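Shown below: final29.tsv, with TSV, C-alpha atoms.
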chain	number	residue	atom	x	y	z
A	19	MET	CA	-3.85	-6.20	-121.62
A	20	ALA	CA	-6.33	-3.32	-121.99
A	21	ASP	CA	-5.51	-2.81	-125.69
A	22	LEU	CA	-6.22	-6.40	-126.69
A	23	ASP	CA	-8.84	-7.20	-129.29
A	24	TYR	CA	-10.88	-9.60	-127.20
A	25	TYR	CA	-12.60	-11.11	-130.23
A	26	LYS	CA	-9.23	-11.99	-131.76
A	27	VAL	CA	-8.00	-13.37	-128.43
A	28	LEU	CA	-10.90	-15.84	-128.42
A	29	GLY	CA	-10.74	-16.37	-132.17
A	30	VAL	CA	-14.39	-15.45	-132.83
A	31	SER	CA	-16.12	-12.86	-134.98
A	32	ARG	CA	-17.85	-9.79	-133.59
A	33	GLU	CA	-21.18	-11.39	-134.52
A	34	ALA	CA	-20.44	-14.53	-132.50
A	35	THR	CA	-23.25	-15.84	-130.31
A	36	ASP	CA	-22.89	-16.21	-126.55
A	37	ASP	CA	-22.63	-19.98	-127.02
A	38	GLU	CA	-19.85	-19.63	-129.61
A	39	ILE	CA	-17.93	-17.35	-127.27
A	40	ARG	CA	-18.35	-19.73	-124.37
A	41	LYS	CA	-17.16	-22.73	-126.42
A	42	ALA	CA	-14.15	-20.78	-127.72
A	43	TYR	CA	-13.24	-19.77	-124.19
A	44	LYS	CA	-13.50	-23.33	-122.83
A	45	LYS	CA	-11.32	-24.67	-125.65
A	46	LEU	CA	-8.58	-22.07	-125.10
A	47	ALA	CA	-8.75	-22.30	-121.31
A	48	ARG	CA	-8.27	-26.04	-121.56
A	49	GLU	CA	-5.34	-25.60	-123.96
A	50	PHE	CA	-3.38	-22.92	-122.07
A	51	HIS	CA	-4.28	-23.60	-118.44
A	52	PRO	CA	-1.16	-23.45	-116.18
A	53	ASP	CA	-1.93	-26.91	-114.82
A	54	VAL	CA	-1.81	-28.28	-118.36
A	55	LYS	CA	1.37	-26.40	-119.27
A	56	PRO	CA	3.19	-25.79	-115.99
A	57	GLY	CA	6.15	-23.43	-116.18
A	58	ASP	CA	5.26	-22.22	-119.71
A	59	ALA	CA	5.36	-18.41	-119.45
A	60	ALA	CA	3.87	-17.88	-122.92
A	61	ALA	CA	0.96	-20.21	-122.14
A	62	ASP	CA	0.40	-18.44	-118.81
A	63	THR	CA	0.23	-15.07	-120.57
A	64	LYS	CA	-2.17	-16.42	-123.17
A	65	PHE	CA	-4.32	-17.95	-120.44
A	66	LYS	CA	-4.61	-14.57	-118.69
A	67	GLN	CA	-5.56	-12.91	-121.98
A	68	VAL	CA	-8.26	-15.52	-122.56
A	69	GLN	CA	-9.55	-14.93	-119.04
A	70	GLU	CA	-9.67	-11.20	-119.55
A	71	ALA	CA	-11.38	-11.50	-122.92
A	72	TYR	CA	-14.08	-13.81	-121.63
A	73	SER	CA	-14.66	-11.67	-118.55
A	74	VAL	CA	-15.80	-8.95	-120.94
A	75	LEU	CA	-17.37	-10.83	-123.87
A	76	GLY	CA	-19.04	-13.35	-121.58
A	77	ASP	CA	-20.96	-10.54	-119.86
A	78	ALA	CA	-23.73	-9.06	-122.03
A	79	GLU	CA	-23.52	-5.59	-120.45
A	80	LYS	CA	-19.70	-5.39	-120.62
A	81	ARG	CA	-19.72	-6.73	-124.17
A	82	GLU	CA	-22.16	-4.04	-125.26
A	83	GLN	CA	-19.97	-1.33	-123.73
A	84	TYR	CA	-16.84	-2.87	-125.27
A	85	ASP	CA	-18.46	-2.98	-128.72
A	86	ARG	CA	-19.41	0.69	-128.37
A	87	TYR	CA	-16.32	2.18	-126.75
A	88	GLY	CA	-13.60	-0.43	-127.15
A	89	ALA	CA	-11.10	-0.94	-124.32
A	90	ALA	CA	-11.72	2.66	-123.22
A	91	PHE	CA	-15.04	1.60	-121.68
A	92	GLN	CA	-13.17	0.61	-118.50
A	93	GLY	CA	-10.76	3.51	-118.49
A	94	GLY	CA	-7.82	1.45	-119.76
A	95	GLY	CA	-7.53	-0.35	-116.41
A	96	PRO	CA	-8.00	-3.92	-115.41
A	97	ILE	CA	-11.36	-5.52	-115.70
A	98	PRO	CA	-13.48	-5.00	-112.57
A	99	GLY	CA	-13.38	-7.98	-110.27
A	100	GLY	CA	-10.01	-9.27	-111.53
A	101	SER	CA	-9.59	-12.50	-113.47
A	102	PRO	CA	-12.17	-15.25	-113.07
A	103	PHE	CA	-9.64	-17.60	-111.52
A	104	GLY	CA	-7.86	-15.23	-109.14
A	105	ARG	CA	-4.64	-15.19	-111.23
A	106	GLY	CA	-3.00	-12.05	-112.61
A	107	GLY	CA	-4.89	-9.39	-114.56
A	108	GLY	CA	-5.90	-6.82	-111.98
A	109	GLY	CA	-5.12	-8.34	-108.59
A	110	GLY	CA	-7.84	-8.00	-105.93
A	111	GLY	CA	-11.54	-7.51	-106.36
A	112	GLN	CA	-14.57	-9.58	-105.50
A	113	PRO	CA	-14.45	-13.36	-105.82
A	114	PHE	CA	-15.61	-14.63	-109.19
A	115	ASP	CA	-18.20	-17.43	-109.12
A	116	LEU	CA	-17.69	-20.10	-111.79
A	117	GLY	CA	-21.42	-20.69	-111.66
A	118	ASP	CA	-21.96	-17.09	-112.69
A	119	LEU	CA	-19.44	-17.51	-115.47
A	120	PHE	CA	-21.22	-20.46	-117.07
A	121	GLY	CA	-24.76	-19.72	-115.96
A	122	GLY	CA	-25.09	-22.72	-113.64
A	123	GLN	CA	-23.11	-25.56	-112.10
A	124	VAL	CA	-19.65	-26.14	-113.54
A	125	ASP	CA	-18.04	-29.55	-114.01
A	126	LEU	CA	-14.26	-29.14	-114.10
A	127	GLY	CA	-14.07	-32.47	-115.90
A	128	ASP	CA	-16.24	-30.96	-118.64
A	129	LEU	CA	-13.75	-28.13	-119.10
A	130	PHE	CA	-10.57	-30.23	-119.02
A	131	GLY	CA	-11.85	-33.53	-120.40
A	132	GLY	CA	-11.68	-35.48	-117.12
A	133	ARG	CA	-12.43	-35.36	-113.41
A	134	GLY	CA	-11.18	-32.49	-111.33
A	135	GLN	CA	-8.13	-33.25	-109.23
A	136	PRO	CA	-7.63	-32.14	-105.65
A	137	GLY	CA	-5.79	-28.83	-105.62
A	138	GLY	CA	-5.54	-28.82	-109.41
A	139	GLY	CA	-6.68	-26.07	-111.78
A	140	PHE	CA	-8.60	-22.91	-111.10
A	141	GLY	CA	-6.20	-21.63	-108.47
A	142	GLY	CA	-6.03	-24.95	-106.57
A	143	GLY	CA	-9.56	-24.88	-105.23
A	144	GLY	CA	-10.98	-28.18	-103.94
A	145	ARG	CA	-12.22	-31.27	-105.74
A	146	ALA	CA	-14.69	-31.08	-108.56
A	147	PRO	CA	-18.05	-32.80	-108.02
A	148	GLN	CA	-17.79	-36.46	-108.98
A	149	PRO	CA	-19.94	-37.42	-111.96
A	150	ALA	CA	-22.87	-39.71	-111.28
A	151	LYS	CA	-22.55	-43.42	-112.04
A	152	ALA	CA	-25.08	-45.07	-114.31
A	153	GLN	CA	-27.14	-48.00	-113.08
A	154	ASP	CA	-25.79	-51.54	-113.07
A	155	SER	CA	-27.21	-54.09	-115.50
A	156	ARG	CA	-27.85	-57.79	-114.94
A	157	ILE	CA	-27.72	-60.67	-117.39
A	158	ASP	CA	-28.14	-64.45	-116.99
A	159	ILE	CA	-25.88	-66.81	-118.91
A	160	GLU	CA	-25.46	-70.57	-119.06
A	161	ILE	CA	-21.92	-71.92	-119.15
A	162	PRO	CA	-20.61	-75.45	-119.71
A	163	PHE	CA	-20.22	-77.69	-116.66
A	164	THR	CA	-16.48	-78.09	-117.25
A	165	VAL	CA	-15.87	-74.32	-117.52
A	166	ALA	CA	-17.74	-73.74	-114.25
A	167	ALA	CA	-15.74	-76.43	-112.46
A	168	LEU	CA	-12.27	-75.73	-113.86
A	169	GLY	CA	-12.54	-72.05	-114.83
A	170	GLY	CA	-11.91	-70.53	-118.23
A	171	ALA	CA	-13.36	-67.98	-120.63
A	172	HIS	CA	-16.90	-67.63	-121.93
A	173	GLU	CA	-18.05	-65.26	-124.64
A	174	LEU	CA	-21.36	-63.43	-124.39
A	175	SER	CA	-23.17	-61.08	-126.77
A	176	LEU	CA	-24.94	-57.87	-125.78
A	177	GLN	CA	-27.21	-55.63	-127.84
A	178	ARG	CA	-26.16	-52.08	-126.90
A	179	ASN	CA	-26.69	-48.75	-128.63
A	180	GLY	CA	-28.10	-50.47	-131.69
A	181	LYS	CA	-25.13	-52.77	-132.24
A	182	LEU	CA	-23.99	-56.21	-131.13
A	183	ASP	CA	-21.10	-56.20	-128.65
A	184	ARG	CA	-19.14	-59.32	-127.75
A	185	LEU	CA	-17.51	-59.65	-124.35
A	186	GLU	CA	-15.25	-62.36	-122.98
A	187	VAL	CA	-16.05	-63.22	-119.38
A	188	LYS	CA	-13.31	-64.79	-117.25
A	189	ILE	CA	-14.90	-67.61	-115.25
A	190	PRO	CA	-13.10	-68.37	-111.96
A	191	THR	CA	-12.64	-71.96	-110.86
A	192	GLY	CA	-15.51	-73.50	-108.93
A	193	VAL	CA	-18.44	-71.20	-109.75
A	194	ASP	CA	-21.85	-72.76	-109.29
A	195	ASN	CA	-25.48	-71.97	-110.04
A	196	GLY	CA	-26.34	-68.48	-108.82
A	197	SER	CA	-22.75	-67.19	-108.74
A	198	VAL	CA	-22.46	-63.56	-109.91
A	199	ILE	CA	-19.49	-62.10	-111.78
A	200	ARG	CA	-19.17	-58.29	-111.92
A	201	LEU	CA	-17.80	-56.66	-115.09
A	202	SER	CA	-16.80	-53.12	-114.18
A	203	GLY	CA	-17.96	-50.39	-116.57
A	204	GLN	CA	-19.87	-52.77	-118.87
A	205	GLY	CA	-23.37	-51.92	-117.64
A	206	GLN	CA	-25.70	-49.05	-118.48
A	207	PRO	CA	-23.98	-46.37	-120.62
A	208	ALA	CA	-22.97	-43.21	-118.79
A	209	GLY	CA	-24.54	-39.83	-119.28
A	210	ARG	CA	-22.45	-36.81	-120.06
A	211	GLY	CA	-19.36	-36.85	-117.86
A	212	GLY	CA	-20.62	-39.82	-115.86
A	213	GLN	CA	-19.39	-43.35	-115.26
A	214	ALA	CA	-20.88	-46.38	-116.95
A	215	GLY	CA	-22.52	-48.87	-114.62
A	216	ASP	CA	-21.32	-52.44	-114.05
A	217	LEU	CA	-22.63	-55.59	-115.67
A	218	LEU	CA	-23.63	-58.32	-113.21
A	219	VAL	CA	-23.41	-61.73	-114.87
A	220	GLN	CA	-25.39	-64.43	-113.07
A	221	ILE	CA	-24.25	-67.97	-113.75
A	222	LYS	CA	-26.31	-71.02	-114.63
A	223	VAL	CA	-24.27	-74.19	-115.00
A	224	GLY	CA	-25.12	-76.55	-117.84
A	225	ARG	CA	-25.48	-80.31	-117.41
A	226	HIS	CA	-22.64	-82.76	-117.96
A	227	PRO	CA	-23.34	-86.10	-119.64
A	228	TRP	CA	-21.60	-88.05	-116.85
A	229	PHE	CA	-20.81	-85.87	-113.83
A	230	ARG	CA	-22.95	-84.00	-111.36
A	231	ARG	CA	-21.92	-81.80	-108.43
A	232	GLU	CA	-22.54	-82.07	-104.73
A	233	GLY	CA	-20.89	-78.92	-103.40
A	234	CYS	CA	-17.23	-79.28	-104.40
A	235	ASN	CA	-17.52	-83.04	-104.82
A	236	LEU	CA	-18.14	-84.73	-108.14
A	237	LEU	CA	-20.43	-87.74	-108.45
A	238	LEU	CA	-20.11	-90.33	-111.22
A	239	ASP	CA	-22.38	-93.37	-111.62
A	240	VAL	CA	-20.45	-96.46	-112.78
A	241	PRO	CA	-22.49	-99.48	-113.90
A	242	ILE	CA	-21.10	-102.96	-113.22
A	243	SER	CA	-22.45	-106.44	-113.85
A	244	THR	CA	-23.68	-108.81	-111.17
A	245	PRO	CA	-20.65	-111.10	-111.49
A	246	GLU	CA	-18.35	-108.06	-111.21
A	247	ALA	CA	-20.15	-107.02	-108.04
A	248	VAL	CA	-19.84	-110.51	-106.55
A	249	LEU	CA	-16.30	-111.31	-107.62
A	250	GLY	CA	-14.81	-107.82	-107.72
A	251	THR	CA	-13.13	-106.16	-110.69
A	252	LYS	CA	-11.12	-103.19	-111.92
A	253	VAL	CA	-12.82	-100.54	-114.09
A	254	ASP	CA	-11.66	-97.51	-116.05
A	255	VAL	CA	-13.49	-94.36	-114.93
A	256	PRO	CA	-13.15	-90.77	-116.25
A	257	THR	CA	-12.17	-87.77	-114.13
A	258	LEU	CA	-12.94	-84.17	-114.99
A	259	SER	CA	-9.35	-82.96	-115.36
A	260	ASP	CA	-6.96	-85.93	-115.14
A	261	GLY	CA	-8.22	-88.33	-117.79
A	262	ASN	CA	-9.16	-91.90	-116.95
A	263	VAL	CA	-8.08	-93.70	-113.79
A	264	ILE	CA	-8.42	-97.35	-112.73
A	265	VAL	CA	-10.74	-98.00	-109.79
A	266	THR	CA	-10.84	-101.31	-107.90
A	267	ILE	CA	-14.31	-102.67	-107.16
A	268	PRO	CA	-13.97	-104.96	-104.10
A	269	PRO	CA	-15.71	-108.36	-104.15
A	270	GLY	CA	-19.22	-108.25	-102.74
A	271	THR	CA	-19.81	-104.59	-103.57
A	272	SER	CA	-23.46	-103.55	-103.38
A	273	SER	CA	-25.26	-101.13	-105.64
A	274	GLY	CA	-25.03	-97.56	-104.30
A	275	THR	CA	-21.57	-98.05	-102.77
A	276	ARG	CA	-19.43	-94.89	-103.01
A	277	LEU	CA	-15.74	-95.22	-103.77
A	278	ARG	CA	-13.69	-92.07	-103.13
A	279	LEU	CA	-11.09	-90.53	-105.43
A	280	ARG	CA	-9.42	-87.92	-103.26
A	281	GLY	CA	-8.69	-84.49	-104.72
A	282	LYS	CA	-10.44	-85.18	-108.03
A	283	GLY	CA	-13.33	-82.80	-107.34
A	284	VAL	CA	-13.87	-79.06	-107.79
A	285	VAL	CA	-11.59	-76.49	-106.12
A	286	HIS	CA	-13.35	-74.55	-103.35
A	287	GLN	CA	-13.43	-70.83	-104.24
A	288	LYS	CA	-12.46	-69.65	-100.75
A	289	THR	CA	-10.22	-72.35	-99.30
A	290	ARG	CA	-8.72	-73.33	-102.71
A	291	GLU	CA	-8.86	-76.95	-101.53
A	292	PRO	CA	-10.13	-79.51	-104.06
A	293	GLY	CA	-13.12	-81.67	-103.33
A	294	ASP	CA	-13.30	-85.39	-104.06
A	295	GLN	CA	-14.81	-87.51	-106.80
A	296	PHE	CA	-17.13	-90.31	-105.77
A	297	VAL	CA	-17.65	-93.35	-107.95
A	298	ILE	CA	-21.16	-94.61	-107.24
A	299	VAL	CA	-21.59	-98.28	-108.10
A	300	LYS	CA	-24.73	-99.26	-110.00
A	301	ILE	CA	-25.28	-103.03	-110.44
A	302	VAL	CA	-26.96	-103.74	-113.76
A	303	ALA	CA	-28.72	-107.11	-114.15
A	304	PRO	CA	-29.12	-108.66	-117.59
A	305	ARG	CA	-32.53	-107.76	-119.09
A	306	GLU	CA	-32.97	-110.81	-121.32
A	307	PRO	CA	-30.68	-113.55	-120.01
A	308	SER	CA	-30.25	-116.67	-122.12
A	309	ASP	CA	-31.55	-120.00	-120.86
A	310	GLU	CA	-28.04	-120.99	-119.86
A	311	VAL	CA	-27.47	-117.77	-117.88
A	312	ARG	CA	-30.87	-118.10	-116.25
A	313	SER	CA	-30.03	-121.66	-115.20
A	314	LEU	CA	-26.78	-120.50	-113.63
A	315	TYR	CA	-28.57	-117.77	-111.66
A	316	GLU	CA	-31.11	-120.36	-110.45
A	317	GLN	CA	-28.24	-122.45	-109.15
A	318	ILE	CA	-26.77	-119.41	-107.41
A	319	ALA	CA	-30.14	-118.65	-105.81
A	320	GLU	CA	-30.36	-122.20	-104.48
A	321	GLN	CA	-26.89	-121.85	-102.99
A	322	SER	CA	-27.79	-118.49	-101.41
A	323	PRO	CA	-31.02	-119.04	-99.50
A	324	ASP	CA	-30.55	-116.03	-97.21
A	325	SER	CA	-32.37	-112.84	-98.25
A	326	PRO	CA	-30.69	-109.43	-97.87
A	327	ARG	CA	-34.05	-108.23	-96.47
A	328	ASP	CA	-34.09	-110.67	-93.55
A	329	GLY	CA	-34.61	-108.70	-90.34
A	330	LEU	CA	-34.67	-105.39	-92.22
A	331	TRP	CA	-38.30	-104.48	-91.50
Rendering of file as structure tokens:
Amino acid sequence: MADLDYYKVLGVSREATDDEIRKAYKKLAREFHPDVKPGDAAADTKFKQVQEAYSVLGDAEKREQYDRYGAAFQGGGPIPGGSPFGRGGGGGGQPFDLGDLFGGQVDLGDLFGGRGQPGGGFGGGGRAPQPAKAQDSRIDIEIPFTVAALGGAHELSLQRNGKLDRLEVKIPTGVDNGSVIRLSGQGQPAGRGGQAGDLLVQIKVGRHPWFRREGCNLLLDVPISTPEAVLGTKVDVPTLSDGNVIVTIPPGTSSGTRLRLRGKGVVHQKTREPGDQFVIVKIVAPREPSDEVRSLYEQIAEQSPDSPRDGLW
């Protein structure tokens, strides 16, 4: 390869800057590398030519001698030190340091557009340094009560890099206040060659007009009248996921009584067992009873002289 025109091999002019030569070399090395085109003899030959050309033009002293004397500057023989990657072009010689070639640390992912692979590229030497990961970000969002209890999707908006991004967050069943969902790679943007951080989404659960949570159990206040409490009744009550159900209120039910609906609560995130729904009875007395109603209650009071507070204190 001693008679090659190294400038033509790299596709640059004789006035090319060191940076232009380096970029041309990286582009061609990436294109013709044997690991990219395994078993391609023509690509292997071209790769060796590119190596040889950069070994000369990438060295200021060798380039000056080459510009003055042409290939004769090295006596028509192989370039001292062999090829930068220990393949072909002159055999033995001293090891070639990739750091010397690029003037500092070398990221194989930067050369080939990805992370270095074990045993891949550059004569099979080791694993390339892993790029640093950017910091994680945190955001607080409020989601509807029903989505938190039953799971679903929630859309959030993020202002990143001067534009508005919309993300859909998958909400698992049973999340509660303080739960954190991790979105991989959606955090701080990565630097050159690095990994983006994660986005940590902390959950706040919105209020429901009827239900409230007690762990995995749901609580629902159900108002009933005084006669219903005394005589008993059947009432329609809502559930979170199964529509309305009929609940029997036994005669003589007191305010605050809890009636259990098994399995109508929130699914536990670890055990996957559903909690229960509790119907909490609230007796509501008439605010402005008519004279007739008041008279009836007076008769009831006369017939019920015992106080529910007797012996309590």
Note to self: Just checking: using only C-alpha atoms, which residue out of A:Glu291, A:Asp239, A:Glu38, A:Asp85 ends up closest to A:Leu277?
What the structure shows: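 Using only C-alpha atoms, the shortest distance to A:Leu277 belongs to A:Asp239.
Distances here use only C-alpha atoms; by that measure, the residue among A:Ala150, A:Leu182, A:Leu176, A:Leu238 closest to A:Gly212 is A:Ala150.
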Notebook entry, point to check: Interatomic distance between atom CA of A:Thr63 and atom CA of A:Gly76?
Noted result: 19.4 Å
Note to self: Report, in Å to a single decimal, how far apart atom CA of A:Lys282 and atom CA of A:Leu258 are.
What the structure shows: 7.5 Å
Check: Counting all atoms listed in the file, which of A:Asp324, A:Asp194, A:Glu186, A:Glu33 gets nearest to A:Pro162?
Finding: A:Asp194
Item checked: Pairwise distance for atom CA of A:Lys300 and atom CA of A:Arg276, rounded to one decimal in Å -> 9.8 Å
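Neighbouring residues of A:Leu217 at 7 Å or closer, counting only C-alpha atoms and skipping chain neighbours under 6 positions away, are Asp154, Ser155, Arg156, Arg200, Leu201, Ser202, Gln204 and Gly205 of chain A.
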Next item on the list: Would you list the contacts of A:Val248 as a ChimeraX atom specification, taking every protein, DNA or RNA residue within 8 Å and counting only C-alpha atoms, but skipping same-chain residues closer than 4 positions in sequence?
Entry: /A:244,269-271
Next item on the list: Excluding A:Lys288 and residues on its chain fewer than 3 positions from it, collect all residues at most 12 Å away from it, counting only C-alpha atoms, and give them as number ranges by chain.
Entry: A: 190-193, 234, 284-285, 291-292
Around all listed atoms of stretch 151-159 of chain A, padded 5 Å per side, what centre and edge lengths does the axis-aligned box have in Å to one decimal, as JSON?
{"center_x": -25.3, "center_y": -55.1, "center_z": -115.5, "size_x": 15.6, "size_y": 33.4, "size_z": 16.9}
Next item on the list: Place a sphere of radius 6 Å on (-26.5, -70.1, -118.7) in the file coordinates and name every protein, DNA or RNA residue with an atom inside or on its surface, counting all atoms listed in the file; give the answer as a list of chain:residue names.
Entry: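 Every polymer residue passing the test: A:Ile159, A:Glu160, A:Ile161, A:Ile221, A:Lys222, A:Val223.
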Those selected residues, please, written with C-alpha atoms and delivered as a PDB file, keeping the file's coordinate frame.
ATOM      1  CA  ILE A 159     -25.880 -66.810-118.910  1.00  0.00           C
ATOM      2  CA  GLU A 160     -25.460 -70.570-119.060  1.00  0.00           C
ATOM      3  CA  ILE A 161     -21.920 -71.920-119.150  1.00  0.00           C
ATOM      4  CA  ILE A 221     -24.250 -67.970-113.750  1.00  0.00           C
ATOM      5  CA  LYS A 222     -26.310 -71.020-114.630  1.00  0.00           C
ATOM      6  CA  VAL A 223     -24.270 -74.190-115.000  1.00  0.00           C
TER       7      VAL A 223
END
Checklist line | Who sits within 10 Å of A:Ala47, all atoms listed in the file, same chain under 4 positions skipped, as a list in words | finding: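 Answer for this query is Leu28, Lys41, Ala42, Tyr43, His51, Pro52, Val54, Ala61, Lys64, Phe65, Lys66, Gln67, Val68, Gln69, Leu129 and Phe130 of chain A.
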Margin query: Counting all atoms listed in the file, which residues sit no farther than 7 Å from the position (-13.3, -107.8, -110.0) in the file's frame? I'd like them as a PyMOL selection string.
Written below: chain A and resi 246+249-252+267-269
Output requested as a PDB file, keeping the file's coordinate frame - stretch 223-236 of chain A, filled out with N, CA and C atoms.
ATOM      1  N   VAL A 223     -25.205 -73.164-114.546  1.00  0.00           N
ATOM      2  CA  VAL A 223     -24.270 -74.190-115.000  1.00  0.00           C
ATOM      3  C   VAL A 223     -25.017 -75.244-115.800  1.00  0.00           C
ATOM      4  N   GLY A 224     -24.517 -75.539-116.997  1.00  0.00           N
ATOM      5  CA  GLY A 224     -25.120 -76.550-117.840  1.00  0.00           C
ATOM      6  C   GLY A 224     -24.876 -77.960-117.307  1.00  0.00           C
ATOM      7  N   ARG A 225     -25.613 -78.912-117.826  1.00  0.00           N
ATOM      8  CA  ARG A 225     -25.480 -80.310-117.410  1.00  0.00           C
ATOM      9  C   ARG A 225     -24.276 -80.962-118.082  1.00  0.00           C
ATOM     10  N   HIS A 226     -23.708 -81.949-117.390  1.00  0.00           N
ATOM     11  CA  HIS A 226     -22.640 -82.760-117.960  1.00  0.00           C
ATOM     12  C   HIS A 226     -23.207 -84.157-118.252  1.00  0.00           C
ATOM     13  N   PRO A 227     -22.771 -84.781-119.322  1.00  0.00           N
ATOM     14  CA  PRO A 227     -23.340 -86.100-119.640  1.00  0.00           C
ATOM     15  C   PRO A 227     -23.034 -87.180-118.615  1.00  0.00           C
ATOM     16  N   TRP A 228     -21.971 -87.010-117.809  1.00  0.00           N
ATOM     17  CA  TRP A 228     -21.600 -88.050-116.850  1.00  0.00           C
ATOM     18  C   TRP A 228     -21.585 -87.548-115.412  1.00  0.00           C
ATOM     19  N   PHE A 229     -21.036 -86.363-115.189  1.00  0.00           N
ATOM     20  CA  PHE A 229     -20.810 -85.870-113.830  1.00  0.00           C
ATOM     21  C   PHE A 229     -21.969 -85.018-113.328  1.00  0.00           C
ATOM     22  N   ARG A 230     -22.084 -84.976-112.025  1.00  0.00           N
ATOM     23  CA  ARG A 230     -22.950 -84.000-111.360  1.00  0.00           C
ATOM     24  C   ARG A 230     -22.227 -83.556-110.091  1.00  0.00           C
ATOM     25  N   ARG A 231     -22.630 -82.379-109.589  1.00  0.00           N
ATOM     26  CA  ARG A 231     -21.920 -81.800-108.430  1.00  0.00           C
ATOM     27  C   ARG A 231     -22.724 -81.947-107.159  1.00  0.00           C
ATOM     28  N   GLU A 232     -21.978 -82.101-106.076  1.00  0.00           N
ATOM     29  CA  GLU A 232     -22.540 -82.070-104.730  1.00  0.00           C
ATOM     30  C   GLU A 232     -21.608 -81.188-103.920  1.00  0.00           C
ATOM     31  N   GLY A 233     -21.845 -79.856-103.967  1.00  0.00           N
ATOM     32  CA  GLY A 233     -20.890 -78.920-103.400  1.00  0.00           C
ATOM     33  C   GLY A 233     -19.638 -78.904-104.267  1.00  0.00           C
ATOM     34  N   CYS A 234     -18.488 -79.190-103.651  1.00  0.00           N
ATOM     35  CA  CYS A 234     -17.230 -79.280-104.400  1.00  0.00           C
ATOM     36  C   CYS A 234     -16.874 -80.717-104.764  1.00  0.00           C
ATOM     37  N   ASN A 235     -17.750 -81.652-104.453  1.00  0.00           N
ATOM     38  CA  ASN A 235     -17.520 -83.040-104.820  1.00  0.00           C
ATOM     39  C   ASN A 235     -18.194 -83.364-106.150  1.00  0.00           C
ATOM     40  N   LEU A 236     -17.579 -84.256-106.893  1.00  0.00           N
ATOM     41  CA  LEU A 236     -18.140 -84.730-108.140  1.00  0.00           C
ATOM     42  C   LEU A 236     -18.672 -86.144-107.954  1.00  0.00           C
TER      43      LEU A 236
END
